[in-house]
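Student: Okay, so here is structure-v6.tsv, and as you'll see once you scroll down, it has TSV, C-alpha atoms (C1' of nucleotides).
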chain	number	residue	atom	x	y	z
A	1	MET	CA	-18.32	-5.09	21.96
A	2	PRO	CA	-18.14	-4.27	18.25
A	3	LYS	CA	-19.08	-6.69	15.60
A	4	THR	CA	-16.37	-9.31	15.53
A	5	ILE	CA	-14.14	-10.41	12.71
A	6	MET	CA	-15.99	-13.71	12.52
A	7	GLU	CA	-19.38	-12.07	12.13
A	8	PHE	CA	-18.04	-9.79	9.48
A	9	CYS	CA	-16.55	-12.72	7.57
A	10	GLU	CA	-19.57	-14.95	7.92
A	11	ILE	CA	-22.03	-12.53	6.47
A	12	ASN	CA	-19.39	-11.96	3.80
A	13	SER	CA	-20.40	-8.36	3.68
A	14	PHE	CA	-16.91	-7.08	2.98
A	15	THR	CA	-16.76	-8.80	-0.40
A	16	ASP	CA	-20.29	-7.84	-1.40
A	17	GLN	CA	-19.95	-4.25	-0.26
A	18	LEU	CA	-16.64	-3.86	-2.01
A	19	ILE	CA	-18.10	-5.14	-5.28
A	20	ALA	CA	-21.00	-2.70	-4.94
A	21	TRP	CA	-18.57	0.11	-4.15
A	22	GLN	CA	-16.46	-0.70	-7.18
A	23	ARG	CA	-19.41	-0.71	-9.57
A	24	LYS	CA	-20.46	2.75	-8.34
A	25	GLN	CA	-17.27	4.48	-7.23
A	26	GLY	CA	-14.42	2.54	-8.81
A	27	ARG	CA	-12.34	3.44	-11.83
A	28	HIS	CA	-13.49	1.99	-15.13
A	29	HIS	CA	-11.70	3.87	-17.85
A	30	LEU	CA	-8.00	3.37	-17.21
A	31	PRO	CA	-6.19	2.42	-20.43
A	32	TRP	CA	-5.37	-1.09	-19.22
A	33	GLN	CA	-8.96	-1.76	-18.13
A	34	ILE	CA	-10.20	-1.78	-21.68
A	35	ASN	CA	-9.16	-4.72	-23.83
A	36	ARG	CA	-7.67	-6.68	-20.95
A	37	THR	CA	-5.21	-8.96	-22.67
A	38	ALA	CA	-2.58	-10.66	-20.54
A	39	TYR	CA	0.14	-8.57	-22.18
A	40	ARG	CA	-1.60	-5.28	-21.40
A	41	VAL	CA	-2.51	-6.32	-17.85
A	42	TRP	CA	1.02	-7.56	-17.16
A	43	LEU	CA	2.65	-4.38	-18.46
A	44	SER	CA	0.35	-2.13	-16.45
A	45	GLU	CA	0.83	-4.18	-13.29
A	46	VAL	CA	4.60	-4.07	-13.53
A	47	MET	CA	4.56	-0.33	-14.13
A	48	LEU	CA	2.09	0.21	-11.29
A	49	GLN	CA	4.34	-1.71	-8.90
A	50	GLN	CA	6.64	1.25	-8.72
A	51	THR	CA	4.84	4.25	-10.13
A	52	GLN	CA	1.62	6.16	-9.51
A	53	VAL	CA	-1.40	5.78	-11.75
A	54	SER	CA	-1.22	9.29	-13.20
A	55	THR	CA	2.35	8.75	-14.38
A	56	VAL	CA	1.72	5.22	-15.62
A	57	ILE	CA	-1.20	6.34	-17.82
A	58	GLU	CA	1.25	8.35	-19.89
A	59	ARG	CA	4.19	5.94	-19.90
A	60	TYR	CA	1.97	2.91	-20.53
A	61	GLN	CA	0.56	4.27	-23.77
A	62	VAL	CA	3.97	5.28	-25.11
A	63	PHE	CA	5.45	1.91	-24.17
A	64	LEU	CA	2.60	0.01	-25.81
A	65	LYS	CA	2.95	2.00	-28.97
A	66	LYS	CA	6.64	1.17	-29.15
A	67	PHE	CA	6.17	-2.49	-28.17
A	68	PRO	CA	2.61	-3.39	-29.20
A	69	THR	CA	2.90	-7.13	-28.53
A	70	VAL	CA	4.85	-9.49	-26.32
A	71	LYS	CA	6.68	-10.63	-29.46
A	72	ALA	CA	7.69	-7.09	-30.35
A	73	LEU	CA	9.01	-6.60	-26.82
A	74	ALA	CA	10.85	-9.93	-26.82
A	75	SER	CA	12.67	-9.16	-30.06
A	76	ALA	CA	13.61	-5.61	-29.05
A	77	SER	CA	17.10	-4.91	-27.73
A	78	ILE	CA	17.49	-4.48	-23.98
A	79	ASP	CA	18.86	-1.00	-24.61
A	80	ASP	CA	15.66	0.01	-26.40
A	81	VAL	CA	13.63	-1.29	-23.48
A	82	LEU	CA	15.80	0.50	-20.91
A	83	SER	CA	15.61	3.69	-22.91
A	84	GLU	CA	11.81	3.48	-22.88
A	85	TRP	CA	11.88	2.73	-19.14
A	86	SER	CA	14.30	5.54	-18.37
A	87	GLY	CA	13.20	7.77	-15.51
A	88	MET	CA	10.86	5.22	-13.92
A	89	GLY	CA	13.46	3.65	-11.64
A	90	TYR	CA	13.96	0.04	-10.53
A	91	TYR	CA	15.67	-0.85	-13.79
A	92	THR	CA	16.00	-4.50	-12.85
A	93	ARG	CA	12.28	-4.67	-13.51
A	94	ALA	CA	12.74	-3.44	-17.05
A	95	ARG	CA	15.28	-6.22	-17.53
A	96	ASN	CA	12.84	-8.72	-16.01
A	97	LEU	CA	10.09	-7.40	-18.27
A	98	HIS	CA	12.28	-8.05	-21.29
A	99	ARG	CA	13.36	-11.49	-20.09
A	100	CYS	CA	9.78	-12.40	-19.26
A	101	ALA	CA	8.62	-11.46	-22.75
A	102	GLN	CA	11.31	-13.72	-24.20
A	103	VAL	CA	10.30	-16.64	-22.00
A	104	VAL	CA	6.64	-16.20	-22.94
A	105	VAL	CA	7.57	-16.25	-26.62
A	106	THR	CA	9.94	-19.20	-26.47
A	107	GLU	CA	8.27	-21.37	-23.82
A	108	TYR	CA	4.62	-20.42	-24.22
A	109	GLN	CA	4.34	-19.62	-27.94
A	110	GLY	CA	3.79	-15.95	-27.14
A	111	VAL	CA	0.73	-16.56	-24.95
A	112	PHE	CA	0.90	-15.88	-21.23
A	113	PRO	CA	-0.21	-18.91	-19.19
A	114	SER	CA	-3.45	-18.55	-17.24
A	115	ASP	CA	-2.43	-20.56	-14.18
A	116	PRO	CA	-1.23	-18.19	-11.45
A	117	LYS	CA	1.34	-20.75	-10.30
A	118	LEU	CA	2.88	-20.82	-13.79
A	119	LEU	CA	2.73	-17.06	-14.11
A	120	GLU	CA	4.61	-16.79	-10.85
A	121	THR	CA	7.58	-18.67	-12.30
A	122	LEU	CA	8.14	-15.92	-14.88
A	123	PRO	CA	10.80	-13.26	-14.25
A	124	GLY	CA	9.51	-10.24	-12.39
A	125	ILE	CA	6.09	-11.76	-11.68
A	126	GLY	CA	5.44	-12.44	-8.02
A	127	ARG	CA	2.39	-13.90	-6.34
A	128	SER	CA	0.28	-10.74	-6.43
A	129	THR	CA	1.05	-9.78	-10.02
A	130	ALA	CA	0.43	-13.37	-11.12
A	131	ALA	CA	-2.99	-13.26	-9.47
A	132	ALA	CA	-3.87	-9.93	-11.08
A	133	ILE	CA	-3.05	-11.25	-14.56
A	134	ALA	CA	-4.95	-14.50	-13.93
A	135	VAL	CA	-8.04	-12.60	-12.75
A	136	PHE	CA	-8.13	-9.75	-15.26
A	137	ALA	CA	-6.97	-11.54	-18.37
A	138	TYR	CA	-8.34	-15.05	-17.74
A	139	GLY	CA	-11.10	-14.78	-15.16
A	140	GLN	CA	-9.31	-17.16	-12.81
A	141	SER	CA	-9.92	-17.06	-9.08
A	142	ALA	CA	-6.81	-15.80	-7.26
A	143	ALA	CA	-6.07	-13.33	-4.50
A	144	ILE	CA	-3.94	-10.22	-4.91
A	145	LEU	CA	-2.05	-8.67	-2.01
A	146	ASP	CA	-0.17	-5.49	-2.79
A	147	GLY	CA	0.58	-2.56	-0.52
A	148	ASN	CA	-2.91	-1.08	-0.94
A	149	VAL	CA	-4.63	-4.35	-0.16
A	150	LYS	CA	-2.47	-5.00	2.89
A	151	ARG	CA	-3.42	-1.61	4.25
A	152	VAL	CA	-7.15	-2.11	3.63
A	153	LEU	CA	-7.29	-5.56	5.19
A	154	ALA	CA	-5.12	-4.59	8.13
A	155	ARG	CA	-7.31	-1.59	8.88
A	156	VAL	CA	-10.74	-3.15	8.42
A	157	TRP	CA	-9.77	-6.13	10.58
A	158	GLY	CA	-7.72	-4.07	13.00
A	159	ILE	CA	-4.51	-6.01	12.47
A	160	GLN	CA	-1.75	-4.26	14.39
A	161	ASP	CA	1.03	-6.72	13.60
A	162	ASP	CA	4.27	-5.58	12.03
A	163	LEU	CA	3.69	-6.14	8.32
A	164	SER	CA	7.40	-6.35	7.64
A	165	LYS	CA	7.24	-9.80	9.27
A	166	ASN	CA	6.47	-12.80	7.09
A	167	ALA	CA	4.11	-14.31	9.64
A	168	ALA	CA	1.78	-11.32	9.49
A	169	VAL	CA	1.84	-11.19	5.71
A	170	ASN	CA	1.11	-14.91	5.46
A	171	GLN	CA	-1.96	-14.36	7.62
A	172	LEU	CA	-3.07	-11.61	5.27
A	173	TRP	CA	-2.63	-13.89	2.26
A	174	ALA	CA	-4.80	-16.53	3.87
A	175	HIS	CA	-7.34	-13.90	4.74
A	176	ALA	CA	-7.32	-12.48	1.22
A	177	GLU	CA	-8.07	-15.96	-0.14
A	178	THR	CA	-11.12	-16.41	2.06
A	179	LEU	CA	-12.54	-13.08	0.95
A	180	LEU	CA	-12.64	-13.98	-2.77
A	181	PRO	CA	-16.16	-13.91	-4.23
A	182	HIS	CA	-17.64	-17.26	-5.19
A	183	ALA	CA	-19.35	-16.09	-8.36
A	184	PRO	CA	-16.85	-16.03	-11.25
A	185	GLU	CA	-18.47	-12.94	-12.76
A	186	ASP	CA	-17.63	-10.97	-9.60
A	187	LEU	CA	-13.90	-11.62	-9.61
A	188	VAL	CA	-12.89	-8.73	-11.82
A	189	SER	CA	-15.01	-6.15	-10.00
A	190	TYR	CA	-13.85	-7.43	-6.66
A	191	THR	CA	-10.16	-7.39	-7.53
A	192	GLN	CA	-10.32	-4.03	-9.23
A	193	GLY	CA	-12.35	-2.77	-6.28
A	194	LEU	CA	-9.67	-3.84	-3.85
A	195	MET	CA	-7.09	-1.86	-5.82
A	196	ASP	CA	-9.25	1.20	-6.37
A	197	PHE	CA	-10.57	1.35	-2.84
A	198	GLY	CA	-7.07	1.31	-1.40
A	199	ALA	CA	-5.85	3.84	-3.92
A	200	THR	CA	-8.69	6.36	-3.69
A	201	CYS	CA	-10.55	5.87	-0.38
A	202	CYS	CA	-8.45	4.01	2.18
A	203	THR	CA	-5.27	5.89	1.36
A	204	GLN	CA	-2.20	5.92	3.56
A	205	ASN	CA	-2.20	9.47	4.83
A	206	LYS	CA	-5.66	10.94	4.21
A	207	PRO	CA	-8.20	8.13	4.16
A	208	ALA	CA	-11.79	9.21	3.50
A	209	CYS	CA	-12.88	8.36	7.05
A	210	ILE	CA	-10.71	11.06	8.61
A	211	SER	CA	-10.83	13.66	5.84
A	212	GLN	CA	-13.62	16.11	5.14
A	213	GLY	CA	-13.98	15.20	1.47
A	214	SER	CA	-17.19	14.07	-0.17
A	215	ILE	CA	-16.19	10.41	-0.34
A	216	THR	CA	-17.53	8.18	2.40
A	217	CYS	CA	-16.09	4.81	3.22
A	218	PRO	CA	-18.56	1.89	3.02
A	219	PHE	CA	-16.79	0.15	5.91
A	220	GLU	CA	-16.74	2.97	8.41
A	221	ASP	CA	-19.06	1.26	10.87
A	222	VAL	CA	-17.29	-2.10	10.80
A	223	CYS	CA	-13.67	-1.06	10.31
A	224	LEU	CA	-11.82	-1.87	13.52
A	225	ALA	CA	-9.05	0.63	12.89
A	226	LYS	CA	-11.70	3.34	12.62
A	227	ARG	CA	-13.59	2.17	15.70
A	228	PHE	CA	-10.51	2.12	17.86
A	229	ASP	CA	-8.99	5.23	16.34
A	230	LEU	CA	-6.01	3.30	15.00
A	231	ILE	CA	-6.11	4.57	11.42
A	232	LYS	CA	-2.86	6.43	11.90
A	233	HIS	CA	-1.20	3.36	13.41
A	234	ILE	CA	-2.27	0.75	10.86
A	235	PRO	CA	-0.54	-0.61	8.91
A	236	LEU	CA	2.25	-0.71	11.45
A	237	LYS	CA	5.63	0.15	9.95
A	238	VAL	CA	8.62	-0.89	11.96
A	239	LYS	CA	11.25	-0.83	9.28
A	240	LYS	CA	14.08	1.43	10.12
A	241	VAL	CA	16.98	1.09	7.75
A	242	LYS	CA	19.89	3.31	8.44
A	243	VAL	CA	20.73	5.44	5.49
A	244	SER	CA	24.35	5.80	4.51
A	245	THR	CA	25.84	8.73	2.69
A	246	VAL	CA	28.00	8.10	-0.36
A	247	ASN	CA	30.12	10.72	-2.06
A	248	ILE	CA	30.89	10.17	-5.71
A	249	ASP	CA	32.40	12.15	-8.56
A	250	TRP	CA	31.00	12.35	-12.03
A	251	TRP	CA	33.64	12.98	-14.65
A	252	VAL	CA	31.80	14.89	-17.35
A	253	LEU	CA	34.17	14.69	-20.29
A	254	GLN	CA	33.30	16.56	-23.43
A	255	TYR	CA	35.17	16.35	-26.70
A	256	LYS	CA	33.62	18.15	-29.64
A	257	ASP	CA	30.00	17.02	-29.79
A	258	LYS	CA	30.58	13.94	-27.71
A	259	LEU	CA	30.27	12.97	-24.06
A	260	LEU	CA	32.09	10.10	-22.40
A	261	LEU	CA	29.52	7.83	-20.75
A	262	GLU	CA	29.91	4.56	-18.89
A	263	LYS	CA	27.50	1.67	-19.18
A	264	ARG	CA	26.79	0.51	-15.66
A	265	PRO	CA	26.89	-3.17	-14.66
A	266	HIS	CA	23.75	-5.30	-14.78
A	267	GLN	CA	23.52	-5.43	-11.01
A	268	GLY	CA	23.27	-2.67	-8.46
A	269	ILE	CA	22.24	0.93	-8.77
A	270	TRP	CA	21.10	2.11	-12.22
A	271	ALA	CA	21.68	-1.36	-13.64
A	272	GLY	CA	22.43	-1.29	-17.35
A	273	LEU	CA	21.97	2.47	-17.65
A	274	TRP	CA	24.44	5.02	-18.94
A	275	SER	CA	26.06	7.38	-16.45
A	276	PHE	CA	29.28	9.34	-16.10
A	277	PRO	CA	32.53	7.56	-15.20
A	278	GLU	CA	33.28	7.92	-11.49
A	279	SER	CA	37.04	7.81	-11.75
A	280	ILE	CA	39.35	8.59	-14.60
A	281	ASP	CA	42.92	9.29	-15.71
A	282	LEU	CA	43.26	12.70	-17.25
A	283	PRO	CA	45.98	14.58	-19.13
A	284	LYS	CA	47.42	17.14	-16.71
A	285	SER	CA	46.62	20.04	-18.98
A	286	ALA	CA	42.85	19.46	-18.94
A	287	LYS	CA	40.96	22.21	-17.16
A	288	GLN	CA	38.42	21.05	-14.59
A	289	LEU	CA	35.23	22.87	-13.70
A	290	GLU	CA	33.46	21.72	-10.54
A	291	ARG	CA	29.71	22.01	-10.66
A	292	GLN	CA	27.13	22.24	-7.89
A	293	VAL	CA	26.91	19.07	-5.82
A	294	ILE	CA	23.79	17.02	-6.63
A	295	LYS	CA	21.98	15.26	-3.81
A	296	HIS	CA	20.11	12.15	-4.87
A	297	VAL	CA	18.07	10.15	-2.36
A	298	LEU	CA	17.46	6.40	-2.57
A	299	THR	CA	15.83	4.00	-0.15
A	300	HIS	CA	18.87	3.35	1.95
A	301	ARG	CA	21.47	5.64	0.54
A	302	VAL	CA	22.03	9.33	-0.08
A	303	LEU	CA	24.31	10.12	-2.99
A	304	ASN	CA	26.26	13.35	-2.95
A	305	ILE	CA	27.42	13.69	-6.51
A	306	ARG	CA	30.18	16.13	-7.43
A	307	PRO	CA	30.18	16.66	-11.19
A	308	ILE	CA	33.53	17.71	-12.61
A	309	GLN	CA	33.27	19.07	-16.10
A	310	VAL	CA	36.21	18.79	-18.46
A	311	THR	CA	36.31	20.01	-22.03
A	312	LEU	CA	39.04	18.17	-23.91
A	313	GLN	CA	41.02	19.62	-26.79
A	314	ARG	CA	42.31	16.20	-27.82
A	315	PRO	CA	40.62	12.78	-27.57
A	316	LEU	CA	41.66	10.46	-24.75
A	317	THR	CA	44.50	8.13	-25.59
A	318	LYS	CA	42.75	5.26	-23.86
A	319	ILE	CA	38.99	4.84	-23.43
A	320	PRO	CA	38.25	3.46	-19.95
A	321	ALA	CA	36.44	0.14	-19.52
A	322	ASN	CA	32.72	0.12	-20.37
A	323	CYS	CA	32.94	3.69	-21.61
A	324	GLU	CA	31.96	5.11	-24.96
A	325	TRP	CA	31.93	8.48	-26.63
A	326	ILE	CA	28.29	9.32	-27.20
A	327	GLU	CA	27.09	11.95	-29.67
A	328	LEU	CA	24.99	14.61	-27.95
A	329	ALA	CA	22.27	13.95	-30.51
A	330	ASP	CA	22.07	10.30	-29.41
A	331	LEU	CA	21.60	11.02	-25.71
A	332	LYS	CA	17.85	11.04	-25.91
A	333	ASN	CA	17.79	7.43	-27.11
A	334	LEU	CA	19.74	6.12	-24.14
A	335	GLY	CA	18.61	4.77	-20.81
A	336	LEU	CA	19.75	7.49	-18.43
A	337	PRO	CA	19.15	7.68	-14.67
A	338	THR	CA	17.07	10.68	-13.68
A	339	PRO	CA	19.88	12.70	-12.06
A	340	VAL	CA	21.99	12.29	-15.20
A	341	ARG	CA	19.08	13.40	-17.35
A	342	LEU	CA	18.42	16.41	-15.12
A	343	PHE	CA	22.08	17.37	-15.05
A	344	LEU	CA	22.33	17.23	-18.85
A	345	LYS	CA	19.17	19.26	-19.15
A	346	ASN	CA	20.55	21.91	-16.83
A	347	LEU	CA	23.67	22.16	-19.00
A	348	ASP	CA	21.38	22.40	-22.02
A	349	LEU	CA	23.01	19.36	-23.59
A	350	ILE	CA	19.77	17.39	-23.86
A	351	HIS	CA	16.20	18.37	-24.59
A	352	ASP	CA	13.08	16.64	-23.44
A	353	ASP	CA	11.12	16.49	-26.67
A	354	ALA	CA	9.88	12.93	-27.03
B	1	DA	C1'	18.66	-6.23	2.27
B	2	DT	C1'	18.35	-3.75	-2.19
B	3	DC	C1'	16.55	-0.93	-5.74
B	4	DC	C1'	14.70	4.71	-7.93
B	5	DC	C1'	11.51	8.25	-8.42
B	6	DG	C1'	8.07	11.63	-7.53
B	7	DA	C1'	4.11	12.97	-4.67
B	8	DA	C1'	3.14	14.63	-0.40
B	9	DG	C1'	4.30	16.66	3.68
B	10	DT	C1'	6.81	20.22	6.40
C	1	DA	C1'	13.41	24.44	-0.49
C	2	DC	C1'	13.71	20.68	2.02
C	3	DT	C1'	12.79	15.81	3.69
C	4	DT	C1'	9.95	11.66	4.02
C	5	DC	C1'	7.61	7.92	2.26
C	6	DG	C1'	5.16	4.45	-0.68
C	7	DG	C1'	5.61	0.70	-3.92
C	8	DG	C1'	6.93	-5.76	-4.86
C	9	DA	C1'	10.28	-8.79	-6.52
C	10	DT	C1'	14.68	-10.84	-5.85
Starting from the file, lay out its structure as structure tokens.

Tutor:
Amino acid sequence: MPKTIMEFCEINSFTDQLIAWQRKQGRHHLPWQINRTAYRVWLSEVMLQQTQVSTVIERYQVFLKKFPTVKALASASIDDVLSEWSGMGYYTRARNLHRCAQVVVTEYQGVFPSDPKLLETLPGIGRSTAAAIAVFAYGQSAAILDGNVKRVLARVWGIQDDLSKNAAVNQLWAHAETLLPHAPEDLVSYTQGLMDFGATCCTQNKPACISQGSITCPFEDVCLAKRFDLIKHIPLKVKKVKVSTVNIDWWVLQYKDKLLLEKRPHQGIWAGLWSFPESIDLPKSAKQLERQVIKHVLTHRVLNIRPIQVTLQRPLTKIPANCEWIELADLKNLGLPTPVRLFLKNLDLIHDDA
DNA sequence: ATCCCGAAGT
DNA sequence: ACTTCGGGAT
């Protein structure tokens, strides 16, 4: 019989070994790891929720330069924020980021609270992000549990439950709490270690223990998933959402040096971003040019987009709701969904210089 | 259940 | 070139 969960917990070797691993093998020079203010930690955490480290490194620096403080972000317009967020997806989070900044300024005098429970009340900050800010910026003791951490804990302790179920996740939260180091000076290394270990060693598809790389996992001899050859089966994913196909048209109306764009509603796909109108009344004389259908894949939906290009000789008599004529030169300052940006780039109507 | 993109896999 | 999949908050 292998060493049991209890033994492994009691000797607390997971926590100690992870801290040691972090100090030797972890990442120490990411932009948000130096000068860990709450604002910088928060921004990096929100970006990292949806985007890989390599991409965030770039976007984080640009964003910080544009909005150096929580006050600067709070007083910016939402369109400026969305424009800066453009291409990163999950635009509701950019709106939450903006709202959160405003709450911090008006309710907390521009200083993020240090209590994880208070942090959690802020827009876009859930339990895990609240804990990360509390640990990194304020040295508080709190447990994180993001996708990486779930995977690591589930594997090391051989948890085969369906992690899409609340019951299983609640167990993991409780477990994560018990693993926290007791010495305050260890909290940052431990928490960062949890993130780094999941991101670089105990990865989803090619974890170190089953790859031939140079990295070796410090938990190989105690990890239950490894012992029972369950690495490929943990974490268990049961989710099976059926994906629907949606066909839409993009009416690409050009008049002189202007394009007709529609500002999308604050809820739903591409919230608050500018896209092409999907239905329109046209003068009969206008000549239509159908472009190649664009396939765009989302979590639970596949969009088949049929762009129809129309070059107008006269302006429209009536501008449709939520639409505006946008100068080609102004396109780069707008929040555009990625397929719109790509399409415009293909037509050579927009250039990517920052 | 919904929301976007890009890295990784085939 | 194509498809699949990971990532938290609401």

Student: May I ask you to extract the residues of chain A within 9 Å of chain B, using all atoms listed in the file, and to give them as a list in words?

Tutor: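 Output check: Gln50, Thr51, Gln52, Gly87, Met88, Gly89, Tyr90, Tyr91, Thr92, Gly268, Ile269, Trp270, Val297, Leu298, Thr299, His300, Pro337 and Thr338 of chain A.
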
Student: Could you tell me how far atom CA of A:Val252 lies from atom CA of A:Val302, in Å and to one decimal?

Tutor: 20.6 Å

Student: Enumerate as a ChimeraX atom specification the residues belonging to chain C that approach chain A to within 8 Å, with only C-alpha atoms (C1' of nucleotides) taken into account.

Tutor: /C:7-9

Student: For the selection you just gave me, I'd like the residues written to a file as an mmCIF file, in the frame of the given file, keeping C-alpha atoms (C1' of nucleotides).

Tutor:
data_model
loop_
_atom_site.group_PDB
_atom_site.id
_atom_site.type_symbol
_atom_site.label_atom_id
_atom_site.label_comp_id
_atom_site.auth_asym_id
_atom_site.auth_seq_id
_atom_site.Cartn_x
_atom_site.Cartn_y
_atom_site.Cartn_z
ATOM 1 C "C1'" DG C 7 5.610 0.700 -3.920
ATOM 2 C "C1'" DG C 8 6.930 -5.760 -4.860
ATOM 3 C "C1'" DA C 9 10.280 -8.790 -6.520
#

Student: Quote the spacing between atom CA of A:Met195 and atom CA of A:Gly26 in Å to one decimal place.

Tutor: 9.1 Å

Student: For a test of reading the model, state the distance in Å between atom CA of A:Val188 and atom CA of A:Lys165, rounded to one decimal.

Tutor: 29.2 Å

Student: Could you check which of A:Val111, A:Leu331, A:Cys217, A:Cys209 is closest to A:Gln17, using all atoms listed in the file?

Tutor: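 The shortest atom-to-atom distance to A:Gln17 comes from A:Cys217.
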
Student: Would you pick out the contacts of A:Lys226 at 10 Å or less, using only C-alpha atoms (C1' of nucleotides), so that residues sharing its chain but fewer than 2 positions from it are not included, and give the list as a short mmCIF file (atom, residue, chain, number, x, y, z; two decimals) with C-alpha atoms, in the frame of the given file?

Tutor:
data_model
loop_
_atom_site.label_atom_id
_atom_site.label_comp_id
_atom_site.auth_asym_id
_atom_site.auth_seq_id
_atom_site.Cartn_x
_atom_site.Cartn_y
_atom_site.Cartn_z
CA ARG A 155 -7.31 -1.59 8.88
CA VAL A 156 -10.74 -3.15 8.42
CA TRP A 157 -9.77 -6.13 10.58
CA GLY A 158 -7.72 -4.07 13.00
CA CYS A 209 -12.88 8.36 7.05
CA ILE A 210 -10.71 11.06 8.61
CA PHE A 219 -16.79 0.15 5.91
CA GLU A 220 -16.74 2.97 8.41
CA ASP A 221 -19.06 1.26 10.87
CA VAL A 222 -17.29 -2.10 10.80
CA CYS A 223 -13.67 -1.06 10.31
CA LEU A 224 -11.82 -1.87 13.52
CA PHE A 228 -10.51 2.12 17.86
CA ASP A 229 -8.99 5.23 16.34
CA LEU A 230 -6.01 3.30 15.00
CA ILE A 231 -6.11 4.57 11.42
CA LYS A 232 -2.86 6.43 11.90
CA ILE A 234 -2.27 0.75 10.86
#

Student: So that I can see what lies close to stretch 283-288 of chain A, please list as a PDB file with C-alpha atoms, in the frame of the given file the residues with an atom at most 7 Å from it, counting all atoms listed in the file and leaving out residues fewer than 6 positions away in the same chain.

Tutor:
ATOM      1  CA  ILE A 308      33.530  17.710 -12.610  1.00  0.00           C
ATOM      2  CA  GLN A 309      33.270  19.070 -16.100  1.00  0.00           C
ATOM      3  CA  VAL A 310      36.210  18.790 -18.460  1.00  0.00           C
ATOM      4  CA  LEU A 312      39.040  18.170 -23.910  1.00  0.00           C
TER       5      LEU A 312
END
